[in-house]
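All remarks here apply to the structure that follows.
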Amino acid sequence: MKISVLGATGAMGGFVIKAALQEGFSVENKVSSKDNIENLFRNVDAVIDFSCPLATEAMLRCVRNERKQIPLIIGTTGLSKMHLELMKECARHVQVFYSPNMSFLIAILNMAMYAMAKLLDEDFDVEILDVHHKLKKDAPSGTALMFGKTIAKARRREFSDVANFVRYGIIEQRRRGEIGFTVQRCSNVIGTHEVSFMGEFENIKLKHEAHSKEIFAKGAVQAAKWIVKQPNGVYTMNDFTKDMIVPMVKSLYKDFFSHQRDME
């Protein structure tokens, strides 16, 4: 498989190139955010993008305006609603895979987050902690926002109505259903996310720690192999993993409750 990498001179770009070569891919074009975007589309089967919002926007506009039919795998964070709309426009004639986090474990955790939010009502307050290295420019992280949106969706609430990003000075008492965010940017932390469901008498926390950016690069490379076989449209990690996870979860719960009966 032949690919281009946008953001090739950045840290993530380097990991993507390494992971692609290990998978047996050919990296045809290594493009930085300052290079000519047209260079991405020469003689390749897919483009993997870990750049910046401006470069991602330029790529999307090029694909939309010139109707490029090269599948896109986008891991850039800090994107806006405008970028998501551009993805939808491109997806009319090409496959677009977008995820702020390409980790398979994060995909599993996101599903668990939905289940927890369904099982625990709004008497359980939710707090999301997002910790990254000091060079990260966007906050909260795309992963933290994804978790928050998943929880809001599970509780049938509009995310914009329940998200709280700022606490300073004299603040009002906590609203029912509020999802609070705490952001830390320090040292060389790759990425830590912790979600707390806090009730009156007991709490539960779900936590993920990334120890290397390689997990995101490997996830993007696997997504590239998968996306080229799909029809046109916008896809996420949920689409990528559901064929694997759904049968597994059904089997898991069947086994669990069968085991419980055996113990009675």
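Each chain of the structure tokens is named A, B, ... in the order shown, its residues numbered from 1; ligands are numbered from 1 in display order.
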> In region 49-229 of chain A, what's strand (DSSP E) per DSSP? Answer as JSON, numbers by chain?
Replying inline: {"A": [49, 72, 73, 74, 95, 96, 97, 98, 125, 126, 127, 128, 129, 130, 131, 132, 163, 164, 179, 180, 181, 182, 183, 184, 185, 191, 192, 193, 194, 195, 196, 197, 198, 203, 204, 205, 206, 207, 208, 209, 210]}
Sorted by chain and rising residue number, which residues of region 80-191 of chain A lie within 10 Å of region 204-226 of chain A, and what are their closest atom pairs and distances in Å to one decimal, counting only C-alpha atoms, as CSV?
residue,atom,partner,partner_atom,distance
A:Val96,CA,A:Ala224,CA,9.9
A:Phe97,CA,A:Ala223,CA,7.5
A:Tyr98,CA,A:Ala220,CA,9.5
A:Ser99,CA,A:Ala220,CA,9.0
A:Pro100,CA,A:Phe216,CA,9.5
A:Asn101,CA,A:Phe216,CA,6.6
A:Met102,CA,A:Phe216,CA,4.7
A:Ser103,CA,A:Phe216,CA,5.4
A:Phe104,CA,A:Gly219,CA,6.9
A:Leu105,CA,A:His208,CA,8.0
A:Ile106,CA,A:His208,CA,7.3
A:Leu109,CA,A:Leu206,CA,7.8
A:Asn110,CA,A:Leu206,CA,9.9
A:Ala112,CA,A:Leu206,CA,8.8
A:Met113,CA,A:Leu206,CA,8.0
A:Met116,CA,A:Ile204,CA,9.5
A:Phe124,CA,A:Ile204,CA,9.6
A:Val126,CA,A:Lys205,CA,9.6
A:Glu127,CA,A:Lys205,CA,9.4
A:Ile128,CA,A:Leu206,CA,9.7
A:Leu129,CA,A:Lys207,CA,9.2
A:Val131,CA,A:Glu209,CA,9.4
A:His132,CA,A:Ala210,CA,9.8
A:Val189,CA,A:His211,CA,8.1
A:Ile190,CA,A:Ala210,CA,5.8
A:Gly191,CA,A:Ala210,CA,5.2
> Running DSSP on the backbone, which parts of region 61-190 of chain A land in helix (DSSP H, G or I), as a VMD selection string?
Replying inline: chain A and resid 61 to 66 81 to 90 104 to 119 142 to 154 159 to 162
> CA of Ala46 (chain A) to CA of Lys229 (chain A): how many Å, to one decimal?
Replying inline: 11.4 Å
> Which of these, A:Met1, A:Val31, A:Phe50, A:Ala139, has the shortest distance to Phe15 (chain A) once you count only C-alpha atoms?
Replying inline: A:Phe50
>> I want to know what sits within 12 Å of Gly148 (chain A), based on only C-alpha atoms, with residues of the same chain fewer than 6 positions away left out; could you give that as a PyMOL selection string?
In response: chain A and resi 110+113-114+117+126-130+140-142+154-155+157-165+177-182+193-197
> Residues at most 12 Å from Ser4 (chain A), counting only C-alpha atoms, excluding those fewer than 6 positions away in the same chain, as a PyMOL selection string?
Replying inline: chain A and resi 13+16-17+20-21+25-32+37-50+59+70-74+221+224
